[in-house]
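*Asks:* See upload-v4.cif below, with mmCIF, C-alpha atoms.
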data_protein
#
loop_
_atom_site.label_atom_id
_atom_site.label_comp_id
_atom_site.auth_asym_id
_atom_site.auth_seq_id
_atom_site.Cartn_x
_atom_site.Cartn_y
_atom_site.Cartn_z
CA MET Z 40 -10.11 -174.18 -127.57
CA ILE Z 41 -8.52 -174.06 -124.12
CA ARG Z 42 -7.48 -177.49 -122.91
CA PRO Z 43 -8.64 -178.67 -119.47
CA PRO Z 44 -6.11 -178.80 -116.61
CA GLY Z 45 -5.82 -182.56 -117.09
CA SER Z 46 -4.34 -182.25 -120.58
CA PRO Z 47 -0.94 -183.89 -121.31
CA LEU Z 48 0.87 -180.59 -121.83
CA TYR Z 49 -0.45 -179.28 -118.51
CA TRP Z 50 0.87 -182.32 -116.64
CA ARG Z 51 4.23 -182.12 -118.40
CA LEU Z 52 4.69 -178.51 -117.29
CA PHE Z 53 3.32 -179.25 -113.82
CA LEU Z 54 5.72 -182.16 -113.26
CA THR Z 55 8.67 -180.12 -114.55
CA VAL Z 56 7.97 -177.28 -112.11
CA ALA Z 57 7.30 -179.71 -109.23
CA ALA Z 58 10.58 -181.56 -109.92
CA ALA Z 59 12.42 -178.23 -109.95
CA ILE Z 60 10.96 -177.29 -106.55
CA VAL Z 61 11.89 -180.66 -105.03
CA LEU Z 62 15.41 -180.43 -106.48
CA PHE Z 63 15.87 -176.93 -105.11
CA ILE Z 64 14.76 -177.96 -101.62
CA ALA Z 65 17.14 -180.93 -101.63
CA LEU Z 66 20.08 -178.88 -102.89
CA ALA Z 67 19.27 -176.06 -100.46
CA ILE Z 68 19.40 -178.44 -97.52
CA ILE Z 69 22.74 -179.85 -98.67
CA THR Z 70 24.11 -176.33 -99.22
CA LEU Z 71 22.98 -175.19 -95.77
CA VAL Z 72 24.57 -178.18 -94.11
CA LEU Z 73 27.88 -177.77 -95.95
CA LEU Z 74 28.23 -173.99 -95.75
CA VAL Z 75 26.85 -173.46 -92.25
CA SER Z 76 28.91 -176.31 -90.82
CA ARG Z 77 32.01 -174.75 -92.34
CA GLU Z 78 31.10 -171.33 -90.97
CA LEU Z 79 30.57 -172.83 -87.51
CA GLU Z 80 33.97 -174.52 -87.30
CA GLY Z 81 35.27 -171.82 -84.91
CA TYR Z 82 32.06 -172.02 -82.90
CA VAL Z 83 32.37 -175.79 -82.49
CA HIS Z 84 36.05 -175.45 -81.59
CA ALA Z 85 35.25 -172.82 -78.93
CA ARG Z 86 32.44 -174.96 -77.47
CA GLN Z 87 34.78 -177.92 -77.18
CA SER Z 88 37.67 -175.90 -75.67
CA PRO Z 89 38.25 -175.38 -71.89
CA LEU Z 90 37.00 -171.80 -72.33
CA GLY Z 91 34.03 -172.35 -70.02
CA GLN Z 92 36.16 -173.79 -67.21
CA GLN Z 93 38.55 -170.85 -67.47
CA ALA Z 94 35.65 -168.39 -67.19
CA ALA Z 95 34.32 -170.31 -64.18
CA ASP Z 96 37.72 -170.18 -62.43
CA VAL Z 97 38.01 -166.41 -63.05
CA PHE Z 98 34.45 -165.85 -61.78
CA THR Z 99 35.05 -167.95 -58.65
CA THR Z 100 38.21 -166.17 -57.68
CA GLY Z 101 37.32 -162.56 -58.57
CA GLY Z 102 33.56 -162.36 -59.06
CA ARG Z 103 31.92 -160.23 -61.72
CA PRO Z 104 34.71 -157.57 -61.93
CA ALA Z 105 37.36 -160.19 -62.65
CA LEU Z 106 35.10 -161.90 -65.23
CA ARG Z 107 34.47 -158.57 -67.01
CA SER Z 108 38.22 -157.87 -67.17
CA TRP Z 109 38.86 -161.38 -68.48
CA LEU Z 110 36.26 -161.00 -71.26
CA VAL Z 111 37.65 -157.67 -72.55
CA SER Z 112 41.34 -158.47 -72.05
CA GLY Z 113 41.74 -160.35 -75.30
CA GLU Z 114 43.73 -163.04 -73.51
CA THR Z 115 40.91 -165.55 -73.36
CA GLY Z 116 41.77 -167.40 -76.56
CA ILE Z 117 38.31 -166.76 -77.97
CA PRO Z 118 38.30 -167.35 -81.81
CA GLY Z 119 37.58 -164.28 -83.93
CA ASP Z 120 34.46 -165.76 -85.53
CA VAL Z 121 32.57 -166.21 -82.24
CA THR Z 122 31.28 -163.93 -79.47
CA VAL Z 123 31.03 -164.93 -75.81
CA TYR Z 124 28.03 -163.65 -73.84
CA VAL Z 125 27.57 -164.01 -70.07
CA VAL Z 126 23.91 -163.69 -69.08
CA ALA Z 127 22.48 -163.37 -65.58
CA PRO Z 128 19.17 -165.02 -64.57
CA ASP Z 129 17.40 -161.66 -64.93
CA GLY Z 130 18.35 -161.54 -68.65
CA THR Z 131 21.06 -158.86 -68.46
CA GLU Z 132 24.39 -159.39 -70.15
CA LEU Z 133 27.57 -158.97 -68.06
CA LEU Z 134 29.11 -156.34 -70.36
CA GLY Z 135 25.77 -154.65 -71.07
CA ARG Z 136 25.70 -155.75 -74.69
CA ASP Z 137 22.53 -156.47 -76.65
CA LEU Z 138 21.89 -160.11 -77.25
CA PRO Z 139 21.54 -161.32 -80.88
CA GLY Z 140 17.99 -160.63 -81.97
CA TRP Z 141 17.30 -164.04 -83.51
CA SER Z 142 18.34 -165.92 -80.32
CA ALA Z 143 17.89 -163.37 -77.47
CA ARG Z 144 14.66 -164.94 -76.17
CA MET Z 145 16.19 -168.40 -76.07
CA MET Z 146 19.31 -167.15 -74.28
CA ARG Z 147 17.27 -165.34 -71.59
CA ALA Z 148 15.08 -168.42 -71.07
CA ILE Z 149 18.12 -170.65 -70.59
CA ALA Z 150 19.80 -168.16 -68.21
CA ALA Z 151 16.63 -167.91 -66.08
CA HIS Z 152 16.68 -171.65 -65.49
CA GLY Z 153 17.85 -172.60 -61.98
CA PRO Z 154 21.26 -174.19 -61.28
CA ASP Z 155 21.67 -177.89 -61.64
CA PRO Z 156 22.24 -179.74 -58.34
CA GLN Z 157 25.88 -180.53 -59.06
CA PRO Z 158 29.01 -179.66 -57.02
CA GLY Z 159 31.80 -177.40 -58.30
CA ASN Z 160 32.02 -173.97 -59.85
CA TYR Z 161 31.32 -175.10 -63.43
CA ARG Z 162 28.46 -177.07 -64.85
CA PRO Z 163 29.04 -177.83 -68.61
CA THR Z 164 25.41 -178.02 -69.77
CA VAL Z 165 24.71 -178.65 -73.47
CA LEU Z 166 23.26 -175.26 -74.42
CA ALA Z 167 25.00 -172.90 -72.02
CA PRO Z 168 27.56 -173.83 -69.38
CA GLN Z 169 26.84 -172.43 -65.91
CA LEU Z 170 29.41 -170.44 -63.97
CA ILE Z 171 29.08 -170.53 -60.14
CA GLY Z 172 30.47 -167.47 -58.27
CA PRO Z 173 31.88 -167.34 -54.71
CA ASP Z 174 28.56 -166.21 -53.29
CA GLY Z 175 26.60 -168.87 -55.23
CA GLU Z 176 25.56 -166.54 -58.07
CA VAL Z 177 24.89 -168.43 -61.31
CA LEU Z 178 25.75 -166.98 -64.73
CA SER Z 179 25.22 -168.65 -68.11
CA LEU Z 180 27.98 -168.65 -70.70
CA PHE Z 181 26.94 -168.49 -74.40
CA VAL Z 182 29.38 -168.98 -77.24
CA MET Z 183 27.62 -167.56 -80.37
CA PRO Z 184 28.91 -167.51 -83.97
CA ARG Z 185 29.33 -164.05 -85.50
CA ASN Z 186 27.43 -162.95 -88.65
CA VAL Z 187 25.51 -166.22 -88.77
CA GLY Z 188 21.72 -166.05 -88.49
CA PRO Z 189 19.21 -168.87 -88.56
CA TRP Z 190 19.89 -169.33 -92.34
CA GLY Z 191 23.61 -168.83 -92.18
CA SER Z 192 25.72 -165.86 -93.16
CA SER Z 193 25.41 -163.57 -96.18
CA THR Z 194 27.63 -166.01 -98.07
CA THR Z 195 25.10 -168.75 -97.44
CA THR Z 196 22.26 -166.47 -98.51
CA LEU Z 197 24.04 -165.61 -101.76
CA ALA Z 198 24.77 -169.28 -102.36
CA LEU Z 199 21.10 -170.16 -101.89
CA LEU Z 200 20.10 -167.34 -104.22
CA ALA Z 201 22.53 -168.55 -106.89
CA LEU Z 202 21.24 -172.09 -106.42
CA ALA Z 203 17.65 -170.92 -106.82
CA LEU Z 204 18.53 -169.07 -110.02
CA LEU Z 205 20.35 -172.14 -111.34
CA VAL Z 206 17.41 -174.48 -110.66
CA ILE Z 207 14.86 -171.99 -112.01
CA GLY Z 208 16.99 -171.47 -115.12
CA ALA Z 209 17.29 -175.22 -115.68
CA ALA Z 210 13.54 -175.71 -115.25
CA ALA Z 211 12.81 -172.79 -117.57
CA TRP Z 212 15.20 -174.27 -120.15
CA LEU Z 213 13.44 -177.64 -119.99
CA VAL Z 214 10.01 -176.04 -120.31
CA ALA Z 215 11.17 -173.78 -123.16
CA ARG Z 216 12.80 -176.73 -124.91
CA ALA Z 217 9.64 -178.81 -124.56
CA LEU Z 218 7.61 -176.00 -126.15
CA THR Z 219 9.93 -174.23 -128.57
CA ARG Z 220 11.41 -177.29 -130.32
CA PRO Z 221 8.11 -178.61 -131.69
CA ILE Z 222 6.91 -175.06 -132.38
CA SER Z 223 10.13 -174.35 -134.31
CA GLU Z 224 9.67 -177.57 -136.28
CA LEU Z 225 6.09 -176.55 -137.06
CA GLN Z 226 7.20 -173.07 -138.11
CA LEU Z 227 9.94 -174.49 -140.34
CA ALA Z 228 7.52 -176.95 -141.97
CA ALA Z 229 4.91 -174.21 -142.48
CA ARG Z 230 7.48 -171.90 -144.12
CA SER Z 231 8.71 -174.72 -146.36
CA LEU Z 232 5.16 -175.57 -147.37
CA ALA Z 233 4.40 -171.91 -148.08
CA SER Z 234 7.52 -171.63 -150.24
CA GLY Z 235 6.29 -174.42 -152.49
CA ARG Z 236 7.97 -177.49 -150.98
CA ILE Z 237 4.86 -179.64 -150.92
CA GLU Z 238 6.80 -182.54 -149.38
CA ALA Z 239 7.48 -180.54 -146.19
CA ARG Z 240 6.27 -182.33 -143.06
CA VAL Z 241 6.75 -182.05 -139.30
CA PRO Z 242 9.13 -184.82 -138.12
CA ALA Z 243 7.44 -187.98 -136.87
CA ARG Z 244 9.01 -187.65 -133.43
CA ILE Z 245 7.08 -184.40 -132.94
CA ALA Z 246 3.82 -185.78 -134.34
CA ALA Z 247 4.15 -188.82 -132.05
CA ARG Z 248 4.03 -186.69 -128.89
CA GLY Z 249 1.03 -187.46 -126.77
CA ASP Z 250 0.11 -183.84 -126.07
CA GLU Z 251 -1.51 -180.90 -127.82
CA LEU Z 252 1.65 -180.01 -129.77
CA GLY Z 253 1.85 -183.56 -131.10
CA ALA Z 254 -1.81 -183.39 -132.15
CA LEU Z 255 -1.12 -180.06 -133.87
CA ALA Z 256 1.83 -181.58 -135.73
CA SER Z 257 -0.32 -184.54 -136.82
CA ASP Z 258 -3.04 -182.18 -138.04
CA PHE Z 259 -0.44 -180.16 -139.96
CA ASN Z 260 0.91 -183.28 -141.66
CA ALA Z 261 -2.63 -184.39 -142.52
CA MET Z 262 -3.31 -180.95 -143.99
CA ALA Z 263 -0.08 -181.09 -146.02
CA ASP Z 264 -1.02 -184.55 -147.33
CA ARG Z 265 -4.42 -183.23 -148.35
CA LEU Z 266 -2.82 -180.25 -150.12
CA ALA Z 267 -0.43 -182.57 -151.93
CA ARG Z 268 -3.34 -184.69 -153.14
CA LEU Z 269 -5.26 -181.60 -154.24
CA LEU Z 270 -2.27 -180.27 -156.17
CA GLU Z 271 -1.71 -183.66 -157.75
CA HIS Z 272 -5.40 -183.77 -158.66
CA ARG Z 273 -5.15 -180.28 -160.14
CA GLU Z 274 -2.19 -181.28 -162.29
CA HIS Z 275 -4.06 -184.36 -163.43
CA LEU Z 276 -7.11 -182.25 -164.19
CA LEU Z 277 -5.06 -179.78 -166.25
CA ARG Z 278 -3.49 -182.62 -168.22
CA GLU Z 279 -6.88 -184.17 -168.91
CA VAL Z 280 -8.43 -180.82 -169.87
CA SER Z 281 -5.54 -180.19 -172.24
CA HIS Z 282 -6.07 -183.63 -173.77
CA GLU Z 283 -9.82 -183.20 -174.06
CA LEU Z 284 -9.47 -179.80 -175.72
CA ARG Z 285 -6.66 -180.91 -177.99
CA SER Z 286 -8.68 -183.76 -179.52
CA PRO Z 287 -11.52 -181.63 -181.00
CA LEU Z 288 -9.01 -178.96 -181.99
CA THR Z 289 -6.99 -181.56 -183.89
CA ARG Z 290 -10.12 -182.79 -185.66
CA LEU Z 291 -11.14 -179.21 -186.45
CA GLN Z 292 -7.71 -178.64 -187.95
CA ALA Z 293 -7.99 -181.80 -190.01
CA ALA Z 294 -11.45 -180.81 -191.24
CA THR Z 295 -10.14 -177.39 -192.20
CA VAL Z 296 -7.25 -178.92 -194.18
CA LEU Z 297 -9.66 -181.22 -195.99
CA ALA Z 298 -11.95 -178.31 -196.80
CA ALA Z 299 -9.04 -176.38 -198.23
CA HIS Z 300 -7.96 -179.43 -200.22
CA HIS Z 301 -11.43 -179.87 -201.70
CA GLY Z 302 -11.53 -176.20 -202.64
CA GLY Z 303 -14.52 -175.55 -200.42
CA LEU Z 304 -16.39 -176.70 -197.33
CA ALA Z 305 -18.45 -179.82 -197.98
CA ALA Z 306 -21.58 -180.51 -195.97
CA GLU Z 307 -19.89 -183.46 -194.25
CA ASP Z 308 -16.89 -181.35 -193.29
CA ARG Z 309 -19.16 -178.55 -192.07
CA GLY Z 310 -21.13 -180.99 -189.94
CA ARG Z 311 -17.92 -182.42 -188.47
CA ILE Z 312 -16.64 -178.95 -187.61
CA GLU Z 313 -19.93 -177.93 -186.06
CA HIS Z 314 -20.02 -181.15 -184.02
CA GLU Z 315 -16.52 -180.55 -182.65
CA ILE Z 316 -17.34 -176.93 -181.87
CA ARG Z 317 -20.43 -178.02 -179.91
CA ARG Z 318 -18.33 -180.58 -178.08
CA MET Z 319 -15.73 -177.99 -177.14
CA ASP Z 320 -18.46 -175.61 -176.05
CA ALA Z 321 -20.04 -178.27 -173.85
CA LEU Z 322 -16.64 -179.22 -172.42
CA ILE Z 323 -15.73 -175.64 -171.57
CA GLY Z 324 -19.18 -175.18 -170.03
CA ASP Z 325 -18.64 -178.22 -167.80
CA ILE Z 326 -15.25 -176.89 -166.70
CA LEU Z 327 -16.71 -173.52 -165.84
CA ARG Z 328 -19.61 -175.07 -163.91
CA TYR Z 329 -17.27 -177.34 -161.98
CA SER Z 330 -14.90 -174.50 -161.10
CA ARG Z 331 -17.76 -172.26 -159.93
CA LEU Z 332 -19.15 -174.79 -157.48
CA GLY Z 333 -17.96 -173.24 -154.21
CA ASP Z 334 -19.12 -173.76 -150.65
CA ALA Z 335 -22.67 -174.29 -149.49
CA GLY Z 336 -22.92 -170.67 -148.33
CA SER Z 337 -22.90 -169.43 -151.93
CA LEU Z 338 -25.96 -171.47 -152.99
CA VAL Z 339 -29.32 -170.02 -153.94
CA ARG Z 340 -31.82 -171.35 -151.40
CA ARG Z 341 -35.30 -172.00 -152.74
CA LEU Z 342 -38.02 -174.55 -152.27
CA VAL Z 343 -37.60 -177.09 -155.09
CA ARG Z 344 -40.18 -179.67 -156.26
CA VAL Z 345 -37.87 -182.55 -157.03
CA ASP Z 346 -40.56 -184.59 -158.81
CA GLU Z 347 -41.29 -181.76 -161.24
CA LEU Z 348 -37.58 -181.14 -161.78
CA LEU Z 349 -37.11 -184.81 -162.68
CA ARG Z 350 -40.01 -184.67 -165.14
CA ASP Z 351 -38.38 -181.72 -166.92
CA VAL Z 352 -35.03 -183.54 -167.04
CA SER Z 353 -36.75 -186.69 -168.32
CA ARG Z 354 -38.53 -184.81 -171.13
CA ASP Z 355 -35.28 -183.18 -172.24
CA GLY Z 356 -33.46 -186.51 -172.04
CA GLU Z 357 -36.01 -188.24 -174.28
CA LEU Z 358 -34.69 -186.35 -177.30
CA LEU Z 359 -31.14 -187.61 -176.71
CA ALA Z 360 -32.37 -191.08 -175.75
CA GLY Z 361 -34.55 -191.34 -178.85
CA GLY Z 362 -31.56 -190.84 -181.08
CA ARG Z 363 -29.99 -193.93 -179.48
CA SER Z 364 -33.22 -195.98 -179.46
CA VAL Z 365 -33.29 -195.85 -175.65
CA THR Z 366 -36.47 -195.22 -173.65
CA LEU Z 367 -36.83 -193.38 -170.34
CA ARG Z 368 -39.34 -194.36 -167.66
CA LEU Z 369 -39.93 -191.99 -164.75
CA ALA Z 370 -41.57 -193.06 -161.48
CA ALA Z 371 -41.45 -190.14 -159.05
CA ALA Z 372 -43.61 -189.84 -155.95
CA PRO Z 373 -45.52 -186.56 -155.86
CA GLY Z 374 -44.74 -183.75 -153.45
CA LEU Z 375 -40.98 -184.33 -153.12
CA LEU Z 376 -39.71 -181.04 -151.68
CA ALA Z 377 -36.11 -180.00 -151.07
CA VAL Z 378 -34.36 -176.71 -150.41
CA GLY Z 379 -31.58 -175.69 -152.75
CA ASP Z 380 -30.47 -174.17 -156.00
CA PRO Z 381 -32.91 -175.29 -158.76
CA ALA Z 382 -30.44 -174.71 -161.60
CA LEU Z 383 -27.66 -176.69 -159.93
CA LEU Z 384 -29.96 -179.55 -158.96
CA ARG Z 385 -31.34 -179.71 -162.50
CA SER Z 386 -27.76 -179.85 -163.82
CA ALA Z 387 -26.92 -182.69 -161.41
CA PHE Z 388 -29.99 -184.74 -162.39
CA ASP Z 389 -29.36 -184.06 -166.07
CA ASN Z 390 -25.78 -185.34 -165.75
CA LEU Z 391 -26.98 -188.58 -164.13
CA VAL Z 392 -29.54 -189.17 -166.87
CA ARG Z 393 -27.14 -188.28 -169.73
CA ASN Z 394 -24.52 -190.64 -168.27
CA ALA Z 395 -27.09 -193.45 -168.29
CA ILE Z 396 -28.14 -192.67 -171.87
CA ARG Z 397 -24.55 -192.55 -173.05
CA HIS Z 398 -23.82 -196.04 -171.70
CA SER Z 399 -27.13 -197.75 -172.52
CA PRO Z 400 -27.33 -200.12 -175.47
CA PRO Z 401 -29.98 -199.53 -178.17
CA GLY Z 402 -33.41 -200.90 -177.31
CA SER Z 403 -32.84 -200.77 -173.53
CA GLU Z 404 -34.79 -198.87 -170.93
CA ILE Z 405 -33.57 -196.41 -168.30
CA GLU Z 406 -35.54 -196.16 -165.06
CA ILE Z 407 -35.66 -192.93 -163.06
CA ILE Z 408 -37.18 -193.60 -159.63
CA ALA Z 409 -37.71 -191.04 -156.85
CA ALA Z 410 -39.26 -191.76 -153.44
CA ALA Z 411 -39.52 -190.11 -150.04
CA GLY Z 412 -38.30 -191.51 -146.75
CA GLU Z 413 -35.89 -190.12 -144.22
CA ALA Z 414 -34.35 -188.52 -147.31
CA ILE Z 415 -35.44 -187.99 -150.90
CA ASP Z 416 -33.93 -190.97 -152.76
CA ILE Z 417 -33.39 -190.78 -156.51
CA GLU Z 418 -32.10 -193.69 -158.59
CA VAL Z 419 -31.14 -193.74 -162.26
CA ARG Z 420 -30.86 -197.35 -163.49
CA ASP Z 421 -29.45 -198.36 -166.87
CA ARG Z 422 -28.66 -201.63 -168.68
CA GLY Z 423 -25.25 -200.59 -169.93
CA GLU Z 424 -21.91 -202.36 -169.65
CA GLY Z 425 -21.66 -201.51 -165.96
CA VAL Z 426 -18.58 -200.52 -163.97
CA PRO Z 427 -16.14 -202.89 -162.21
CA ALA Z 428 -16.38 -202.78 -158.42
CA GLU Z 429 -12.92 -201.23 -158.01
CA TYR Z 430 -13.98 -198.20 -160.10
CA LEU Z 431 -17.43 -197.51 -158.61
CA GLU Z 432 -16.06 -194.69 -156.47
CA ARG Z 433 -13.53 -193.35 -158.93
CA ILE Z 434 -16.07 -192.63 -161.69
CA PHE Z 435 -16.98 -189.50 -159.70
CA GLU Z 436 -13.46 -188.13 -160.08
CA PRO Z 437 -12.99 -185.51 -162.82
CA TRP Z 438 -11.81 -187.02 -166.13
CA PHE Z 439 -11.49 -190.54 -164.78
CA ARG Z 440 -11.75 -193.13 -167.55
CA VAL Z 441 -12.91 -196.67 -166.85
CA PRO Z 442 -10.92 -199.26 -168.81
CA ARG Z 443 -13.11 -201.15 -171.23
CA SER Z 444 -11.90 -204.44 -169.87
CA PRO Z 445 -10.11 -205.24 -166.58
CA GLY Z 446 -6.37 -204.74 -166.93
CA ASP Z 447 -6.68 -203.09 -170.35
CA ASP Z 448 -5.59 -199.50 -169.73
CA SER Z 449 -4.88 -198.99 -173.38
CA ALA Z 450 -8.52 -198.88 -174.31
CA PRO Z 451 -10.09 -196.26 -172.10
CA GLY Z 452 -13.77 -195.50 -172.07
CA ALA Z 453 -15.22 -192.01 -172.03
CA GLY Z 454 -14.55 -189.71 -169.10
CA GLY Z 455 -15.51 -186.17 -168.17
CA LEU Z 456 -16.90 -183.88 -165.51
CA GLY Z 457 -20.60 -184.85 -165.50
CA LEU Z 458 -20.58 -187.21 -162.53
CA ALA Z 459 -18.00 -185.07 -160.66
CA ILE Z 460 -20.32 -182.06 -161.02
CA ALA Z 461 -23.31 -184.12 -159.86
CA ARG Z 462 -21.56 -185.36 -156.74
CA ARG Z 463 -20.33 -181.89 -155.79
CA VAL Z 464 -23.83 -180.43 -156.27
CA PHE Z 465 -25.47 -183.10 -154.10
CA ARG Z 466 -22.86 -182.70 -151.37
CA LEU Z 467 -23.29 -178.94 -151.36
CA HIS Z 468 -26.99 -179.58 -150.70
CA GLY Z 469 -26.28 -181.93 -147.79
CA GLY Z 470 -26.72 -185.12 -149.82
CA ASN Z 471 -24.55 -187.42 -151.89
CA VAL Z 472 -24.53 -189.77 -154.87
CA ALA Z 473 -22.98 -193.22 -155.22
CA ALA Z 474 -22.84 -195.99 -157.82
CA ARG Z 475 -23.58 -199.69 -157.48
CA PRO Z 476 -24.04 -202.58 -159.90
CA ARG Z 477 -27.61 -203.22 -161.03
CA ASP Z 478 -29.06 -206.69 -160.69
CA GLY Z 479 -29.20 -208.28 -164.13
CA GLY Z 480 -26.49 -206.01 -165.52
CA GLY Z 481 -25.97 -202.30 -165.77
CA LEU Z 482 -25.39 -199.53 -163.27
CA THR Z 483 -27.49 -197.74 -160.66
CA LEU Z 484 -26.65 -194.17 -159.70
CA ALA Z 485 -28.29 -193.57 -156.30
CA ALA Z 486 -28.59 -190.01 -154.99
CA HIS Z 487 -30.23 -188.65 -151.89
CA LEU Z 488 -31.20 -185.18 -150.68
CA PRO Z 489 -32.45 -183.97 -147.29
CA PRO Z 490 -36.16 -183.17 -147.52
CA ALA Z 491 -37.45 -179.67 -146.88
CA GLN Z 492 -38.88 -179.12 -143.40
CA VAL Z 493 -42.36 -177.81 -144.14
CA SER Z 494 -44.40 -176.86 -141.09
#
Let me see whether you can do it: turn the structure in this file into structure tokens.
*Replies:*
Amino acid sequence: MIRPPGSPLYWRLFLTVAAAIVLFIALAIITLVLLVSRELEGYVHARQSPLGQQAADVFTTGGRPALRSWLVSGETGIPGDVTVYVVAPDGTELLGRDLPGWSARMMRAIAAHGPDPQPGNYRPTVLAPQLIGPDGEVLSLFVMPRNVGPWGSSTTTLALLALALLVIGAAAWLVARALTRPISELQLAARSLASGRIEARVPARIAARGDELGALASDFNAMADRLARLLEHREHLLREVSHELRSPLTRLQAATVLAAHHGGLAAEDRGRIEHEIRRMDALIGDILRYSRLGDAGSLVRRLVRVDELLRDVSRDGELLAGGRSVTLRLAAAPGLLAVGDPALLRSAFDNLVRNAIRHSPPGSEIEIIAAAGEAIDIEVRDRGEGVPAEYLERIFEPWFRVPRSPGDDSAPGAGGLGLAIARRVFRLHGGNVAARPRDGGGLTLAAHLPPAQVS
């Protein structure tokens, strides 16, 4: 997304360029003053010398011919870095030379001005002294610096050009430094992260910047933290899966050794082996289902009657509940419609109900309640041992085991993927599931789904 002109990075670049322009103007003025004043030393010296009075005396005694001879004689003491022009009121120069282009109009205007009402043959005016001839003719004397235009000589021009390049280079360096340093840090952190260094982060000084690059660095660090947590979770998941698979395998091995010792496979040993095989099969099935739950775009989208789906789950759960002397009671409002994957939703509901059955004491009742409101709300309430408040959120993590008593980590309760699968399924369908203590003891698993929009 393109940031608006008022963004922090925009103002940082704008102020850098503006400061460079102001600095160049200030340095240019100083350079002009220093260089031009040095180049005009001869001009100032000639203006302050008695050169004008000498020209006036020559003009008074000999007229124009004598003044011409004096100008070309080389005996006037005129410095080599200035040129003397004598201009008549009609704008013509005494020696017929062309006046300097950048000041010709000014010189003609001054020469056309009438004589000042002062006695004598020389009037030292500020811009151009006036020479008075024997017949009263007035000529204006101009002492002009050579090779110096309105912006100084070529040396001055080159100096200003070098100054401009210096200021532009400094400004470009500051801008490049402001941009390339954080980008280089980001690139280095990204390469380190890609090479497997999960601890790689952009330095805090870059992330603390108040502009877009700082926000990008903060987002990168947040992403890296999330990746680190995911990798840590994956390692934990692999350890737990290994543990869960190793337990039934160990029991299978023990049953096999016993069968060999007894010289055959007793019914009890066969039942134990079959039980562990079913457990492993169910565990591997849960792992596969959990790993296949991708993004919402991969779901099958169908119109699902949630009330009917819950009735099917309840009927299947009665067989398991009956073996534990637990009863199920379903209260589902009719016509609960959602859009989603029927198989996944059935699996999610089944996991909620099986979790309640597994933790319910014999002779208790499990309530399954579904109602319609802004969302379809489903609650599964049991009278089991409950879950401490600090673990209500963590029971939805894969393989998390709730300690049987607070502070007793040595006696873990059962853990698995059932509730983790249920939460992921509900979230893929735009809903969620959470746990809360049930009044009077037990646990309530509360899920919600967005209702189908039926026109």
*Asks:* Extract, using all atoms listed in the file, all DNA, RNA and protein residues at most 7 Å from stretch 408-423 of chain Z, discarding same-chain residues fewer than 6 positions from it, and format them as a ChimeraX atom specification.
*Replies:* /Z:369-372,375,391-392,395,398-400,480-490
*Asks:* Starting from the displayed file, determine the output of the PyMOL selection byres ((chain Z and resi 256) around 10) and express the residue list as an NGL selection string.
*Replies:* :Z and (221-222 or 224-225 or 228 or 240-248 or 251-255 or 257-262)
*Asks:* Go ahead and write the residues just picked, C-alpha atoms, as a PDB file, in the frame of the given file.
*Replies:*
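The file below, result_1.pdb, is the result:
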ATOM      1  CA  PRO Z 221       8.110-178.610-131.690  1.00  0.00           C
ATOM      2  CA  ILE Z 222       6.910-175.060-132.380  1.00  0.00           C
ATOM      3  CA  GLU Z 224       9.670-177.570-136.280  1.00  0.00           C
ATOM      4  CA  LEU Z 225       6.090-176.550-137.060  1.00  0.00           C
ATOM      5  CA  ALA Z 228       7.520-176.950-141.970  1.00  0.00           C
ATOM      6  CA  ARG Z 240       6.270-182.330-143.060  1.00  0.00           C
ATOM      7  CA  VAL Z 241       6.750-182.050-139.300  1.00  0.00           C
ATOM      8  CA  PRO Z 242       9.130-184.820-138.120  1.00  0.00           C
ATOM      9  CA  ALA Z 243       7.440-187.980-136.870  1.00  0.00           C
ATOM     10  CA  ARG Z 244       9.010-187.650-133.430  1.00  0.00           C
ATOM     11  CA  ILE Z 245       7.080-184.400-132.940  1.00  0.00           C
ATOM     12  CA  ALA Z 246       3.820-185.780-134.340  1.00  0.00           C
ATOM     13  CA  ALA Z 247       4.150-188.820-132.050  1.00  0.00           C
ATOM     14  CA  ARG Z 248       4.030-186.690-128.890  1.00  0.00           C
ATOM     15  CA  GLU Z 251      -1.510-180.900-127.820  1.00  0.00           C
ATOM     16  CA  LEU Z 252       1.650-180.010-129.770  1.00  0.00           C
ATOM     17  CA  GLY Z 253       1.850-183.560-131.100  1.00  0.00           C
ATOM     18  CA  ALA Z 254      -1.810-183.390-132.150  1.00  0.00           C
ATOM     19  CA  LEU Z 255      -1.120-180.060-133.870  1.00  0.00           C
ATOM     20  CA  SER Z 257      -0.320-184.540-136.820  1.00  0.00           C
ATOM     21  CA  ASP Z 258      -3.040-182.180-138.040  1.00  0.00           C
ATOM     22  CA  PHE Z 259      -0.440-180.160-139.960  1.00  0.00           C
ATOM     23  CA  ASN Z 260       0.910-183.280-141.660  1.00  0.00           C
ATOM     24  CA  ALA Z 261      -2.630-184.390-142.520  1.00  0.00           C
ATOM     25  CA  MET Z 262      -3.310-180.950-143.990  1.00  0.00           C
TER      26      MET Z 262
END
*Asks:* Just to confirm, what's the straight-line distance from atom CA of Z:Arg440 to atom CA of Z:Leu270 in Å (one decimal)?
*Replies:* 19.6 Å
*Asks:* Could you tell me which of Z:Val339, Z:Leu166, Z:Ala229, Z:Leu133 comes closest to Z:Met146 if we count all atoms listed in the file?
*Replies:*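 That would be Z:Leu166, the residue with the smallest distance to Z:Met146.
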*Asks:* Counting only C-alpha atoms, figure out which residue out of Z:Glu271, Z:Asp351, Z:Glu357, Z:Glu176 gets nearest to Z:Ala382.
*Replies:*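 Result for the nearest residue to Z:Ala382: Z:Asp351.
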